[in-house]
Amino acid sequence: PQGNEETTPSQPADAAVYKVTVVDEAGNPFAGIVVQLCNDTGCNPCVTDENGTATYVVAEYRDDYHANVTQLPEGYEYASGEVEHYFEGDATELTIVLKAAA
């Protein structure tokens, strides 16, 4: 690129960014696992980065998103026992905690 060209994709003005982080009970991140951000119209998969975070840029903020891990790492289960994880209030960040399976 030459000059002052933008190298990042442009986002719609009303875009919302959601972040879902997956950690174990000690707070260690799970990198490279697929997390889905879902609502009543479908799901968007994303792979977690080295910090255990999957980042989604969506067209607009919605209050009906929930997240889940498509395939739990071997030997782990959801600490909460819940499969679907909902954002609290108007939050756009969510942490899913996994624990070693009994």
# chains A, B, ... in the order shown; residues from 1 in each chain; ligands from 1
>>> residues_around(residues="region 37-50 of chain A", least_positions_apart="2", cutoff="12 Å", atoms="only C-alpha atoms", output="VMD selection string")
chain A and resid 17 to 23 28 to 35 52 to 58 61 to 71 84 to 87 92 to 96
>>> select_by_dssp(residues="region 38-97 of chain A", states="strand (DSSP E or B)", output="PyMOL selection string")
chain A and resi 38-39+42-47+53-58+66-69+76-78+85-86+93-97
>>> atom_distance(atom1="CA of Glu25 (chain A)", atom2="CA of Ser80 (chain A)")
10.8 Å
>>> atom_distance(atom1="CA of Ala13 (chain A)", atom2="CA of Glu60 (chain A)")
8.9 Å
>>> residues_around(residues="Gly75 (chain A)", least_positions_apart="3", cutoff="9 Å", atoms="only C-alpha atoms", output="list in words")
Leu72, Lys99, Ala100, Ala101 and Ala102 of chain A
>>> write_last_selection(atoms="all heavy atoms", output="PDB file, in the first residue's frame")
ATOM      1  N   LEU A  72     -15.824 -28.900  22.845  1.00  0.00           N
ATOM      2  CA  LEU A  72     -15.047 -28.673  24.064  1.00  0.00           C
ATOM      3  C   LEU A  72     -13.709 -29.397  23.974  1.00  0.00           C
ATOM      4  O   LEU A  72     -13.631 -30.493  23.413  1.00  0.00           O
ATOM      5  CB  LEU A  72     -15.821 -29.169  25.289  1.00  0.00           C
ATOM      6  CG  LEU A  72     -17.083 -28.382  25.624  1.00  0.00           C
ATOM      7  CD1 LEU A  72     -17.870 -29.097  26.707  1.00  0.00           C
ATOM      8  CD2 LEU A  72     -16.744 -26.974  26.055  1.00  0.00           C
ATOM      9  N   LYS A  99     -14.134 -26.465  33.080  1.00  0.00           N
ATOM     10  CA  LYS A  99     -13.460 -27.180  34.156  1.00  0.00           C
ATOM     11  C   LYS A  99     -13.137 -28.596  33.701  1.00  0.00           C
ATOM     12  O   LYS A  99     -13.753 -29.106  32.768  1.00  0.00           O
ATOM     13  CB  LYS A  99     -14.343 -27.204  35.408  1.00  0.00           C
ATOM     14  CG  LYS A  99     -15.603 -28.043  35.242  1.00  0.00           C
ATOM     15  CD  LYS A  99     -16.393 -28.107  36.525  1.00  0.00           C
ATOM     16  CE  LYS A  99     -17.614 -28.997  36.342  1.00  0.00           C
ATOM     17  NZ  LYS A  99     -18.384 -29.138  37.574  1.00  0.00           N
ATOM     18  N   ALA A 100     -12.175 -29.206  34.377  1.00  0.00           N
ATOM     19  CA  ALA A 100     -11.827 -30.572  34.043  1.00  0.00           C
ATOM     20  C   ALA A 100     -13.025 -31.450  34.331  1.00  0.00           C
ATOM     21  O   ALA A 100     -13.674 -31.323  35.372  1.00  0.00           O
ATOM     22  CB  ALA A 100     -10.622 -31.017  34.860  1.00  0.00           C
ATOM     23  N   ALA A 101     -13.345 -32.338  33.401  1.00  0.00           N
ATOM     24  CA  ALA A 101     -14.483 -33.219  33.564  1.00  0.00           C
ATOM     25  C   ALA A 101     -14.186 -34.221  34.678  1.00  0.00           C
ATOM     26  O   ALA A 101     -13.059 -34.677  34.817  1.00  0.00           O
ATOM     27  CB  ALA A 101     -14.784 -33.939  32.260  1.00  0.00           C
ATOM     28  N   ALA A 102     -15.218 -34.533  35.438  1.00  0.00           N
ATOM     29  CA  ALA A 102     -15.036 -35.453  36.557  1.00  0.00           C
ATOM     30  C   ALA A 102     -14.810 -36.881  36.061  1.00  0.00           C
ATOM     31  O   ALA A 102     -15.304 -37.263  35.026  1.00  0.00           O
ATOM     32  CB  ALA A 102     -16.282 -35.420  37.447  1.00  0.00           C
TER      33      ALA A 102
END
>>> atom_distance(atom1="CA of Ala91 (chain A)", atom2="CA of Ala16 (chain A)")
10.9 Å
